[in-house]
>>> print(open('entry.pdb').read())   # PDB, C-alpha atoms and all ligand atoms
ATOM      1  CA  MET A   1       4.647  27.775 -16.827  1.00  0.00           C
ATOM      2  CA  TYR A   2       6.923  30.422 -15.352  1.00  0.00           C
ATOM      3  CA  GLU A   3       9.579  32.393 -17.236  1.00  0.00           C
ATOM      4  CA  HIS A   4      11.564  35.322 -15.902  1.00  0.00           C
ATOM      5  CA  GLN A   5      10.162  38.618 -17.212  1.00  0.00           C
ATOM      6  CA  TYR A   6      11.240  42.223 -17.063  1.00  0.00           C
ATOM      7  CA  THR A   7       8.745  44.944 -16.173  1.00  0.00           C
ATOM      8  CA  CYS A   8       8.954  46.228 -19.744  1.00  0.00           C
ATOM      9  CA  GLY A   9       7.251  42.967 -20.751  1.00  0.00           C
ATOM     10  CA  THR A  10      10.155  41.283 -22.467  1.00  0.00           C
ATOM     11  CA  ALA A  11      11.415  37.838 -21.521  1.00  0.00           C
ATOM     12  CA  THR A  12      14.886  37.825 -20.019  1.00  0.00           C
ATOM     13  CA  ASP A  13      16.390  34.922 -22.009  1.00  0.00           C
ATOM     14  CA  LEU A  14      17.580  33.575 -18.645  1.00  0.00           C
ATOM     15  CA  PRO A  15      16.641  30.036 -17.600  1.00  0.00           C
ATOM     16  CA  VAL A  16      14.762  29.557 -14.332  1.00  0.00           C
ATOM     17  CA  GLY A  17      17.287  28.273 -11.829  1.00  0.00           C
ATOM     18  CA  LYS A  18      17.404  27.715  -8.101  1.00  0.00           C
ATOM     19  CA  ILE A  19      16.032  30.261  -5.653  1.00  0.00           C
ATOM     20  CA  VAL A  20      18.362  30.888  -2.725  1.00  0.00           C
ATOM     21  CA  CYS A  21      16.630  32.352   0.321  1.00  0.00           C
ATOM     22  CA  VAL A  22      17.690  33.703   3.692  1.00  0.00           C
ATOM     23  CA  GLY A  23      15.780  33.214   6.929  1.00  0.00           C
ATOM     24  CA  ARG A  24      15.621  35.868   9.648  1.00  0.00           C
ATOM     25  CA  ASN A  25      17.362  38.720   7.849  1.00  0.00           C
ATOM     26  CA  TYR A  26      15.233  41.303   9.672  1.00  0.00           C
ATOM     27  CA  ALA A  27      15.404  41.322  13.475  1.00  0.00           C
ATOM     28  CA  ALA A  28      11.750  42.344  13.900  1.00  0.00           C
ATOM     29  CA  HIS A  29      10.551  39.323  11.887  1.00  0.00           C
ATOM     30  CA  ALA A  30      12.742  36.917  13.876  1.00  0.00           C
ATOM     31  CA  GLU A  31      11.150  38.348  17.023  1.00  0.00           C
ATOM     32  CA  GLU A  32       7.563  38.006  15.791  1.00  0.00           C
ATOM     33  CA  LEU A  33       8.131  34.245  15.304  1.00  0.00           C
ATOM     34  CA  SER A  34      10.101  33.961  18.577  1.00  0.00           C
ATOM     35  CA  ASN A  35      13.223  32.893  16.679  1.00  0.00           C
ATOM     36  CA  PRO A  36      16.724  33.835  17.790  1.00  0.00           C
ATOM     37  CA  VAL A  37      18.614  36.170  15.450  1.00  0.00           C
ATOM     38  CA  PRO A  38      21.326  34.066  13.781  1.00  0.00           C
ATOM     39  CA  ASP A  39      25.026  35.012  13.856  1.00  0.00           C
ATOM     40  CA  GLU A  40      25.388  34.177  10.176  1.00  0.00           C
ATOM     41  CA  PRO A  41      22.835  34.120   7.352  1.00  0.00           C
ATOM     42  CA  LEU A  42      20.524  31.114   7.564  1.00  0.00           C
ATOM     43  CA  LEU A  43      20.166  29.853   3.989  1.00  0.00           C
ATOM     44  CA  PHE A  44      17.722  27.542   2.271  1.00  0.00           C
ATOM     45  CA  ILE A  45      16.847  26.814  -1.358  1.00  0.00           C
ATOM     46  CA  LYS A  46      13.592  26.559  -3.253  1.00  0.00           C
ATOM     47  CA  PRO A  47      13.752  24.536  -6.493  1.00  0.00           C
ATOM     48  CA  ALA A  48      12.992  26.131  -9.872  1.00  0.00           C
ATOM     49  CA  SER A  49       9.692  24.231  -9.828  1.00  0.00           C
ATOM     50  CA  ALA A  50       8.499  26.480  -6.963  1.00  0.00           C
ATOM     51  CA  ALA A  51       8.450  29.575  -9.207  1.00  0.00           C
ATOM     52  CA  VAL A  52       5.128  30.869 -10.549  1.00  0.00           C
ATOM     53  CA  PRO A  53       4.101  34.251 -11.980  1.00  0.00           C
ATOM     54  CA  MET A  54       2.923  36.432  -9.102  1.00  0.00           C
ATOM     55  CA  ALA A  55       0.075  38.047 -11.014  1.00  0.00           C
ATOM     56  CA  ALA A  56      -1.623  34.708 -11.729  1.00  0.00           C
ATOM     57  CA  PRO A  57      -4.094  33.449  -9.084  1.00  0.00           C
ATOM     58  CA  LEU A  58      -2.131  31.809  -6.258  1.00  0.00           C
ATOM     59  CA  HIS A  59      -2.931  28.161  -5.618  1.00  0.00           C
ATOM     60  CA  LEU A  60      -2.071  27.173  -2.063  1.00  0.00           C
ATOM     61  CA  PRO A  61      -1.492  23.573  -0.973  1.00  0.00           C
ATOM     62  CA  VAL A  62      -4.674  21.973   0.335  1.00  0.00           C
ATOM     63  CA  GLY A  63      -4.874  20.122   3.634  1.00  0.00           C
ATOM     64  CA  ARG A  64      -1.397  21.043   4.853  1.00  0.00           C
ATOM     65  CA  GLY A  65      -2.190  23.669   7.481  1.00  0.00           C
ATOM     66  CA  SER A  66      -1.600  27.403   7.400  1.00  0.00           C
ATOM     67  CA  CYS A  67       0.211  29.028   4.476  1.00  0.00           C
ATOM     68  CA  HIS A  68       1.887  32.363   5.262  1.00  0.00           C
ATOM     69  CA  PHE A  69       2.921  35.141   2.915  1.00  0.00           C
ATOM     70  CA  GLU A  70       6.416  36.649   3.287  1.00  0.00           C
ATOM     71  CA  GLY A  71       7.020  39.614   0.985  1.00  0.00           C
ATOM     72  CA  GLU A  72      10.659  39.834  -0.076  1.00  0.00           C
ATOM     73  CA  LEU A  73      13.011  41.805  -2.281  1.00  0.00           C
ATOM     74  CA  ALA A  74      14.280  39.508  -5.048  1.00  0.00           C
ATOM     75  CA  LEU A  75      17.396  39.661  -7.210  1.00  0.00           C
ATOM     76  CA  LEU A  76      17.691  38.062 -10.634  1.00  0.00           C
ATOM     77  CA  ILE A  77      21.212  36.818 -11.238  1.00  0.00           C
ATOM     78  CA  GLY A  78      22.567  37.478 -14.732  1.00  0.00           C
ATOM     79  CA  ALA A  79      26.186  36.288 -14.516  1.00  0.00           C
ATOM     80  CA  PRO A  80      27.955  33.527 -12.558  1.00  0.00           C
ATOM     81  CA  LEU A  81      29.120  34.323  -9.022  1.00  0.00           C
ATOM     82  CA  SER A  82      31.324  32.026  -6.985  1.00  0.00           C
ATOM     83  CA  ASN A  83      33.296  32.992  -3.879  1.00  0.00           C
ATOM     84  CA  ALA A  84      32.523  36.578  -4.799  1.00  0.00           C
ATOM     85  CA  ASN A  85      33.299  39.740  -2.879  1.00  0.00           C
ATOM     86  CA  ALA A  86      30.504  42.217  -2.239  1.00  0.00           C
ATOM     87  CA  ALA A  87      32.095  44.521  -4.804  1.00  0.00           C
ATOM     88  CA  ASP A  88      31.682  41.827  -7.504  1.00  0.00           C
ATOM     89  CA  VAL A  89      27.964  41.467  -6.932  1.00  0.00           C
ATOM     90  CA  PRO A  90      26.356  44.524  -8.627  1.00  0.00           C
ATOM     91  CA  ALA A  91      27.679  43.607 -12.081  1.00  0.00           C
ATOM     92  CA  ALA A  92      26.131  40.136 -11.777  1.00  0.00           C
ATOM     93  CA  VAL A  93      22.612  41.276 -10.838  1.00  0.00           C
ATOM     94  CA  ALA A  94      20.369  41.576 -13.904  1.00  0.00           C
ATOM     95  CA  GLY A  95      17.143  42.587 -12.213  1.00  0.00           C
ATOM     96  CA  LEU A  96      15.488  43.707  -9.006  1.00  0.00           C
ATOM     97  CA  GLY A  97      12.014  42.525  -8.115  1.00  0.00           C
ATOM     98  CA  LEU A  98       9.610  41.225  -5.522  1.00  0.00           C
ATOM     99  CA  ALA A  99       8.738  37.719  -4.448  1.00  0.00           C
ATOM    100  CA  LEU A 100       6.501  35.879  -2.033  1.00  0.00           C
ATOM    101  CA  ASP A 101       8.262  33.270   0.071  1.00  0.00           C
ATOM    102  CA  LEU A 102       5.128  31.197   0.693  1.00  0.00           C
ATOM    103  CA  THR A 103       5.548  29.059   3.776  1.00  0.00           C
ATOM    104  CA  LEU A 104       3.493  26.208   5.195  1.00  0.00           C
ATOM    105  CA  ARG A 105       3.931  27.538   8.712  1.00  0.00           C
ATOM    106  CA  ASP A 106       2.417  24.666  10.684  1.00  0.00           C
ATOM    107  CA  LEU A 107       4.477  22.147   8.736  1.00  0.00           C
ATOM    108  CA  GLN A 108       7.610  24.280   9.110  1.00  0.00           C
ATOM    109  CA  ALA A 109       7.070  24.451  12.876  1.00  0.00           C
ATOM    110  CA  GLN A 110       6.815  20.665  13.030  1.00  0.00           C
ATOM    111  CA  LEU A 111       9.920  20.189  10.861  1.00  0.00           C
ATOM    112  CA  LYS A 112      11.882  22.655  13.001  1.00  0.00           C
ATOM    113  CA  LYS A 113      10.744  20.877  16.157  1.00  0.00           C
ATOM    114  CA  ASP A 114      11.895  17.548  14.729  1.00  0.00           C
ATOM    115  CA  GLY A 115      15.213  19.016  13.548  1.00  0.00           C
ATOM    116  CA  HIS A 116      14.350  18.252   9.921  1.00  0.00           C
ATOM    117  CA  PRO A 117      14.998  20.330   6.780  1.00  0.00           C
ATOM    118  CA  TRP A 118      12.337  22.881   5.771  1.00  0.00           C
ATOM    119  CA  GLU A 119      11.967  21.992   2.082  1.00  0.00           C
ATOM    120  CA  LYS A 120       8.462  20.535   2.283  1.00  0.00           C
ATOM    121  CA  ALA A 121       7.271  23.767   3.937  1.00  0.00           C
ATOM    122  CA  LYS A 122       9.159  26.153   1.638  1.00  0.00           C
ATOM    123  CA  GLY A 123       9.842  24.452  -1.692  1.00  0.00           C
ATOM    124  CA  PHE A 124       6.480  23.042  -2.811  1.00  0.00           C
ATOM    125  CA  ASP A 125       5.055  23.781  -6.278  1.00  0.00           C
ATOM    126  CA  GLY A 126       3.961  27.426  -6.359  1.00  0.00           C
ATOM    127  CA  ALA A 127       5.906  28.341  -3.201  1.00  0.00           C
ATOM    128  CA  CYS A 128       7.681  31.227  -4.916  1.00  0.00           C
ATOM    129  CA  PRO A 129       5.466  33.691  -6.799  1.00  0.00           C
ATOM    130  CA  LEU A 130       7.779  36.106  -8.639  1.00  0.00           C
ATOM    131  CA  ALA A 131       6.892  39.531 -10.032  1.00  0.00           C
ATOM    132  CA  PRO A 132       8.549  40.828 -13.202  1.00  0.00           C
ATOM    133  CA  PHE A 133      12.020  42.215 -12.541  1.00  0.00           C
ATOM    134  CA  VAL A 134      13.136  45.800 -13.019  1.00  0.00           C
ATOM    135  CA  LYS A 135      16.018  45.538 -15.466  1.00  0.00           C
ATOM    136  CA  LEU A 136      19.141  46.951 -13.856  1.00  0.00           C
ATOM    137  CA  ASP A 137      21.124  48.814 -16.430  1.00  0.00           C
ATOM    138  CA  TRP A 138      21.880  51.348 -13.679  1.00  0.00           C
ATOM    139  CA  LEU A 139      23.072  50.909 -10.098  1.00  0.00           C
ATOM    140  CA  PRO A 140      20.502  51.235  -7.310  1.00  0.00           C
ATOM    141  CA  ASP A 141      21.346  52.361  -3.790  1.00  0.00           C
ATOM    142  CA  TRP A 142      21.357  48.800  -2.439  1.00  0.00           C
ATOM    143  CA  ASP A 143      21.100  49.849   1.213  1.00  0.00           C
ATOM    144  CA  ASN A 144      18.152  52.214   0.729  1.00  0.00           C
ATOM    145  CA  LEU A 145      15.557  50.166  -1.125  1.00  0.00           C
ATOM    146  CA  SER A 146      12.034  49.899   0.198  1.00  0.00           C
ATOM    147  CA  TYR A 147       8.920  47.937  -0.647  1.00  0.00           C
ATOM    148  CA  SER A 148       5.447  47.410   0.729  1.00  0.00           C
ATOM    149  CA  LEU A 149       2.848  44.652   0.882  1.00  0.00           C
ATOM    150  CA  TRP A 150      -0.884  45.171   1.343  1.00  0.00           C
ATOM    151  CA  LEU A 151      -3.243  42.344   2.242  1.00  0.00           C
ATOM    152  CA  ASN A 152      -6.870  43.198   1.459  1.00  0.00           C
ATOM    153  CA  ASP A 153      -5.972  46.916   1.435  1.00  0.00           C
ATOM    154  CA  ASP A 154      -4.207  46.802   4.828  1.00  0.00           C
ATOM    155  CA  LEU A 155      -0.519  47.708   4.788  1.00  0.00           C
ATOM    156  CA  ARG A 156       1.022  44.612   6.383  1.00  0.00           C
ATOM    157  CA  GLN A 157       4.713  44.728   5.509  1.00  0.00           C
ATOM    158  CA  ARG A 158       7.131  47.526   4.866  1.00  0.00           C
ATOM    159  CA  GLY A 159      10.639  46.321   4.040  1.00  0.00           C
ATOM    160  CA  LYS A 160      13.699  48.512   3.977  1.00  0.00           C
ATOM    161  CA  SER A 161      17.032  47.095   2.916  1.00  0.00           C
ATOM    162  CA  ALA A 162      18.616  49.439   5.462  1.00  0.00           C
ATOM    163  CA  HIS A 163      17.125  47.183   8.169  1.00  0.00           C
ATOM    164  CA  MET A 164      18.593  43.930   6.879  1.00  0.00           C
ATOM    165  CA  LEU A 165      20.918  42.185   9.320  1.00  0.00           C
ATOM    166  CA  THR A 166      23.135  41.184   6.374  1.00  0.00           C
ATOM    167  CA  PRO A 167      23.080  43.863   3.652  1.00  0.00           C
ATOM    168  CA  ILE A 168      22.194  42.757   0.115  1.00  0.00           C
ATOM    169  CA  LEU A 169      25.667  42.766  -1.454  1.00  0.00           C
ATOM    170  CA  ASP A 170      27.255  41.009   1.530  1.00  0.00           C
ATOM    171  CA  LEU A 171      24.426  38.473   1.538  1.00  0.00           C
ATOM    172  CA  VAL A 172      24.881  37.571  -2.131  1.00  0.00           C
ATOM    173  CA  ALA A 173      28.645  37.294  -1.654  1.00  0.00           C
ATOM    174  CA  TYR A 174      28.092  35.014   1.353  1.00  0.00           C
ATOM    175  CA  ILE A 175      25.651  32.845  -0.596  1.00  0.00           C
ATOM    176  CA  SER A 176      28.208  32.505  -3.417  1.00  0.00           C
ATOM    177  CA  SER A 177      30.733  31.075  -0.979  1.00  0.00           C
ATOM    178  CA  TYR A 178      28.433  28.035  -0.531  1.00  0.00           C
ATOM    179  CA  PHE A 179      26.481  27.844  -3.782  1.00  0.00           C
ATOM    180  CA  THR A 180      27.671  29.081  -7.166  1.00  0.00           C
ATOM    181  CA  LEU A 181      25.005  31.460  -8.403  1.00  0.00           C
ATOM    182  CA  GLN A 182      24.273  30.969 -12.080  1.00  0.00           C
ATOM    183  CA  PRO A 183      22.453  33.096 -14.650  1.00  0.00           C
ATOM    184  CA  GLY A 184      18.725  32.695 -14.021  1.00  0.00           C
ATOM    185  CA  ASP A 185      19.051  31.967 -10.311  1.00  0.00           C
ATOM    186  CA  VAL A 186      17.100  34.184  -7.921  1.00  0.00           C
ATOM    187  CA  VAL A 187      18.071  35.415  -4.465  1.00  0.00           C
ATOM    188  CA  LEU A 188      15.392  36.255  -1.880  1.00  0.00           C
ATOM    189  CA  THR A 189      16.655  38.627   0.788  1.00  0.00           C
ATOM    190  CA  GLY A 190      14.395  37.849   3.746  1.00  0.00           C
ATOM    191  CA  THR A 191      11.122  39.214   5.052  1.00  0.00           C
ATOM    192  CA  PRO A 192      10.362  42.067   7.450  1.00  0.00           C
ATOM    193  CA  ALA A 193       7.775  41.824  10.240  1.00  0.00           C
ATOM    194  CA  GLY A 194       4.085  41.498   9.434  1.00  0.00           C
ATOM    195  CA  VAL A 195       3.817  38.016   7.920  1.00  0.00           C
ATOM    196  CA  GLY A 196       0.484  36.247   8.185  1.00  0.00           C
ATOM    197  CA  GLU A 197      -1.830  33.531   6.968  1.00  0.00           C
ATOM    198  CA  LEU A 198      -3.430  33.572   3.521  1.00  0.00           C
ATOM    199  CA  HIS A 199      -7.011  32.543   2.786  1.00  0.00           C
ATOM    200  CA  HIS A 200      -9.089  31.915  -0.314  1.00  0.00           C
ATOM    201  CA  GLY A 201     -10.023  35.204  -1.966  1.00  0.00           C
ATOM    202  CA  ASP A 202      -7.332  37.321  -0.292  1.00  0.00           C
ATOM    203  CA  LYS A 203      -5.979  40.146  -2.429  1.00  0.00           C
ATOM    204  CA  LEU A 204      -2.311  41.113  -2.289  1.00  0.00           C
ATOM    205  CA  VAL A 205      -0.546  44.172  -3.643  1.00  0.00           C
ATOM    206  CA  LEU A 206       3.236  44.455  -3.620  1.00  0.00           C
ATOM    207  CA  GLN A 207       5.105  47.587  -4.571  1.00  0.00           C
ATOM    208  CA  LEU A 208       8.800  48.355  -4.967  1.00  0.00           C
ATOM    209  CA  GLU A 209       9.723  51.956  -4.190  1.00  0.00           C
ATOM    210  CA  GLU A 210       7.011  54.422  -5.208  1.00  0.00           C
ATOM    211  CA  ASP A 211       6.768  53.474  -8.849  1.00  0.00           C
ATOM    212  CA  TRP A 212       9.389  50.916  -9.880  1.00  0.00           C
ATOM    213  CA  LEU A 213       7.091  47.939  -9.727  1.00  0.00           C
ATOM    214  CA  ARG A 214       3.541  47.231  -8.568  1.00  0.00           C
ATOM    215  CA  VAL A 215       1.884  43.853  -8.794  1.00  0.00           C
ATOM    216  CA  GLU A 216      -1.568  42.716  -7.717  1.00  0.00           C
ATOM    217  CA  THR A 217      -2.604  39.135  -7.174  1.00  0.00           C
ATOM    218  CA  ALA A 218      -5.232  37.045  -5.406  1.00  0.00           C
ATOM    219  CA  VAL A 219      -5.447  33.704  -3.669  1.00  0.00           C
ATOM    220  CA  ALA A 220      -7.482  31.277  -5.788  1.00  0.00           C
TER     221      ALA A 220
HETATM  222 ZN    ZN A 301      11.340  34.267   3.798  1.00  0.00          ZN
END
>>> encode(input="entry.pdb", output="structure tokens")
Amino acid sequence: MYEHQYTCGTATDLPVGKIVCVGRNYAAHAEELSNPVPDEPLLFIKPASAAVPMAAPLHLPVGRGSCHFEGELALLIGAPLSNANAADVPAAVAGLGLALDLTLRDLQAQLKKDGHPWEKAKGFDGACPLAPFVKLDWLPDWDNLSYSLWLNDDLRQRGKSAHMLTPILDLVAYISSYFTLQPGDVVLTGTPAGVGELHHGDKLVLQLEEDWLRVETAVA
């Protein structure tokens, strides 16, 4: 059972809501999957039932083809946002963290080919491992955040918000023009290059900045 946590160990008192995600927010990742870079953010939603604690062993769907990791910067929403401007966004973000956008890549490729929605490939139970959030009672430099992901001790992803096609505050404002963001919702900001397939026994380490947050997990 997943509940939002802060890195200090306390629960957030926020319900677990929807998880709004953006596809192809880093040009280098769009290229590695041979996808065109979109003109506007490409949004999709994972249901609350996809959230699991990142540190617990990760259970991947069985018999559904390859499951890829995508390490992403995550925002925990603490106040409602609807048709917001970028300037409204910082006050509504309660926490900053890291997430895995787990993706059944073979299934997603088939769904894309058929012109169907991606939910079965992106929204399954356990599809969104979430680390504890750093409580934001101060304002970060939104356009200079960085994080890293190691798979079995190899550095595989290095994300910098400076490289996002749509910067964080603009992205959240854009999302709020389609979907009201409510307290307890989470926004995933896209993945940089370096995604890959997960296998039984793999070990993952994700780290935000040098020392804001570090989480280790393993594939069951
Ligand atoms: Zn993603």
>>> closest_atom_pairs(input="entry.pdb", of="chain A", to="ligand ZN 301 (chain A)", cutoff="7 Å", atoms="all atoms listed in the file", output="Markdown table")
| residue | atom | partner | partner_atom | distance |
| --- | --- | --- | --- | --- |
| A:Cys21 | CA | A:ZN301 | ZN | 6.6 |
| A:Val22 | CA | A:ZN301 | ZN | 6.4 |
| A:Gly23 | CA | A:ZN301 | ZN | 5.5 |
| A:Glu70 | CA | A:ZN301 | ZN | 5.5 |
| A:Glu72 | CA | A:ZN301 | ZN | 6.8 |
| A:Asp101 | CA | A:ZN301 | ZN | 4.9 |
| A:Gly190 | CA | A:ZN301 | ZN | 4.7 |
| A:Thr191 | CA | A:ZN301 | ZN | 5.1 |
>>> resolve_selection(input="entry.pdb", expression="the PyMOL selection byres (((chain A and resi 211) around 12) and not hetatm)", output="list in words")
Thr7, Val134, Ser146, Tyr147, Ser148, Leu206, Gln207, Leu208, Glu209, Glu210, Trp212, Leu213, Arg214 and Val215 of chain A
>>> write_last_selection(input="entry.pdb", atoms="C-alpha atoms", output="compact mmCIF listing (two decimals), in the coordinates of the input")
# COMPACT_ATOMS: atom_id res chain seq x y z
CA THR A 7 8.74 44.94 -16.17
CA VAL A 134 13.14 45.80 -13.02
CA SER A 146 12.03 49.90 0.20
CA TYR A 147 8.92 47.94 -0.65
CA SER A 148 5.45 47.41 0.73
CA LEU A 206 3.24 44.46 -3.62
CA GLN A 207 5.11 47.59 -4.57
CA LEU A 208 8.80 48.36 -4.97
CA GLU A 209 9.72 51.96 -4.19
CA GLU A 210 7.01 54.42 -5.21
CA TRP A 212 9.39 50.92 -9.88
CA LEU A 213 7.09 47.94 -9.73
CA ARG A 214 3.54 47.23 -8.57
CA VAL A 215 1.88 43.85 -8.79
>>> residues_around(input="entry.pdb", residues="Phe44 in chain A", least_positions_apart="2", cutoff="10 Å", atoms="all atoms listed in the file", output="NGL selection string")
:A and (19-23 or 41-42 or 46 or 117-119 or 122-123 or 175 or 188)
>>> resolve_selection(input="entry.pdb", expression="the PyMOL selection byres (((chain A and resi 151-168) around 6) and not hetatm)", output="ChimeraX atom specification")
/A:25-26,143-150,169-171,192,194,203-204
>>> atom_distance(input="entry.pdb", atom1="CA of Gln182 in chain A", atom2="CA of Leu98 in chain A")
19.1 Å
>>> atom_distance(input="entry.pdb", atom1="CA of Gly115 in chain A", atom2="CA of Ala30 in chain A")
18.1 Å
>>> closest_residue(input="entry.pdb", among="A:Pro47, A:Val187, A:Phe179, A:Leu75", to="Lys120 in chain A", atoms="all atoms listed in the file")
A:Pro47
>>> atom_distance(input="entry.pdb", atom1="CA of Ser82 in chain A", atom2="CA of Thr189 in chain A")
17.9 Å
>>> resolve_selection(input="entry.pdb", expression="the PyMOL selection byres (((chain A and resi 33) around 12) and not hetatm)", output="MDAnalysis selection string")
chainID A and resid 23:24 26:32 34:37 68 105 108:109 191:196
>>> residues_around(input="entry.pdb", residues="Asp88 in chain A", least_positions_apart="3", cutoff="12 Å", atoms="only C-alpha atoms", output="PyMOL selection string")
chain A and resi 79-85+91-93+169-170+172-174+176
>>> write_last_selection(input="entry.pdb", atoms="C-alpha atoms", output="CSV table (one decimal), in the coordinates of the input")
chain,number,residue,atom,x,y,z
A,79,ALA,CA,26.2,36.3,-14.5
A,80,PRO,CA,28.0,33.5,-12.6
A,81,LEU,CA,29.1,34.3,-9.0
A,82,SER,CA,31.3,32.0,-7.0
A,83,ASN,CA,33.3,33.0,-3.9
A,84,ALA,CA,32.5,36.6,-4.8
A,85,ASN,CA,33.3,39.7,-2.9
A,91,ALA,CA,27.7,43.6,-12.1
A,92,ALA,CA,26.1,40.1,-11.8
A,93,VAL,CA,22.6,41.3,-10.8
A,169,LEU,CA,25.7,42.8,-1.5
A,170,ASP,CA,27.3,41.0,1.5
A,172,VAL,CA,24.9,37.6,-2.1
A,173,ALA,CA,28.6,37.3,-1.7
A,174,TYR,CA,28.1,35.0,1.4
A,176,SER,CA,28.2,32.5,-3.4
>>> residues_near_point(input="entry.pdb", point="(15.4, 26.5, -10.8)", cutoff="9 Å", atoms="only C-alpha atoms", output="number ranges by chain")
A: 15-19, 46-51, 184-186
>>> axis_aligned_box(input="entry.pdb", around="range 35-45 of chain A", padding_each_side="8 Å", output="JSON")
{"center_x": 19.3, "center_y": 31.5, "center_z": 8.2, "size_x": 28.2, "size_y": 25.4, "size_z": 35.1}
>>> closest_residue(input="entry.pdb", among="A:Ser66, A:Val89, A:Tyr178, A:Leu58", to="Asp125 in chain A", atoms="all atoms listed in the file")
A:Leu58
>>> closest_residue(input="entry.pdb", among="A:Cys128, A:Ala218, A:Ile77, A:Leu111", to="Pro53 in chain A", atoms="all atoms listed in the file")
A:Cys128
>>> residues_near_point(input="entry.pdb", point="(-14.3, 27.7, 1.9)", cutoff="12 Å", atoms="all atoms listed in the file", output="ChimeraX atom specification")
/A:62,199-201,220
>>> decode(input="entry.pdb", residues="range 56-88 of chain A", atoms="C-alpha atoms", output="mmCIF file, in the first residue's frame")
data_model
loop_
_atom_site.group_PDB
_atom_site.id
_atom_site.type_symbol
_atom_site.label_atom_id
_atom_site.label_comp_id
_atom_site.auth_asym_id
_atom_site.auth_seq_id
_atom_site.Cartn_x
_atom_site.Cartn_y
_atom_site.Cartn_z
ATOM 1 C CA ALA A 56 10.252 -1.985 -2.080
ATOM 2 C CA PRO A 57 11.190 -4.802 -4.502
ATOM 3 C CA LEU A 58 9.746 -3.994 -7.936
ATOM 4 C CA HIS A 59 7.312 -6.544 -9.324
ATOM 5 C CA LEU A 60 7.152 -6.370 -13.105
ATOM 6 C CA PRO A 61 4.232 -7.717 -15.141
ATOM 7 C CA VAL A 62 4.828 -11.294 -16.255
ATOM 8 C CA GLY A 63 4.387 -12.467 -19.830
ATOM 9 C CA ARG A 64 3.848 -9.026 -21.345
ATOM 10 C CA GLY A 65 7.183 -8.427 -23.062
ATOM 11 C CA SER A 66 9.957 -6.024 -22.151
ATOM 12 C CA CYS A 67 9.553 -3.585 -19.260
ATOM 13 C CA HIS A 68 11.738 -0.465 -19.457
ATOM 14 C CA PHE A 69 12.831 1.878 -16.698
ATOM 15 C CA GLU A 70 12.512 5.647 -17.262
ATOM 16 C CA GLY A 71 13.979 7.714 -14.427
ATOM 17 C CA GLU A 72 12.099 10.981 -13.971
ATOM 18 C CA LEU A 73 11.938 14.048 -11.769
ATOM 19 C CA ALA A 74 8.604 14.029 -9.917
ATOM 20 C CA LEU A 75 6.590 16.833 -8.339
ATOM 21 C CA LEU A 76 4.101 16.340 -5.522
ATOM 22 C CA ILE A 77 1.208 18.755 -5.847
ATOM 23 C CA GLY A 78 0.055 20.323 -2.577
ATOM 24 C CA ALA A 79 -2.596 22.835 -3.686
ATOM 25 C CA PRO A 80 -5.132 22.922 -6.540
ATOM 26 C CA LEU A 81 -3.972 24.265 -9.908
ATOM 27 C CA SER A 82 -6.310 24.961 -12.795
ATOM 28 C CA ASN A 83 -5.525 27.092 -15.846
ATOM 29 C CA ALA A 84 -2.472 28.262 -13.943
ATOM 30 C CA ASN A 85 0.341 30.497 -15.114
ATOM 31 C CA ALA A 86 3.915 29.332 -14.637
ATOM 32 C CA ALA A 87 4.284 31.919 -11.882
ATOM 33 C CA ASP A 88 1.448 30.248 -9.911
#
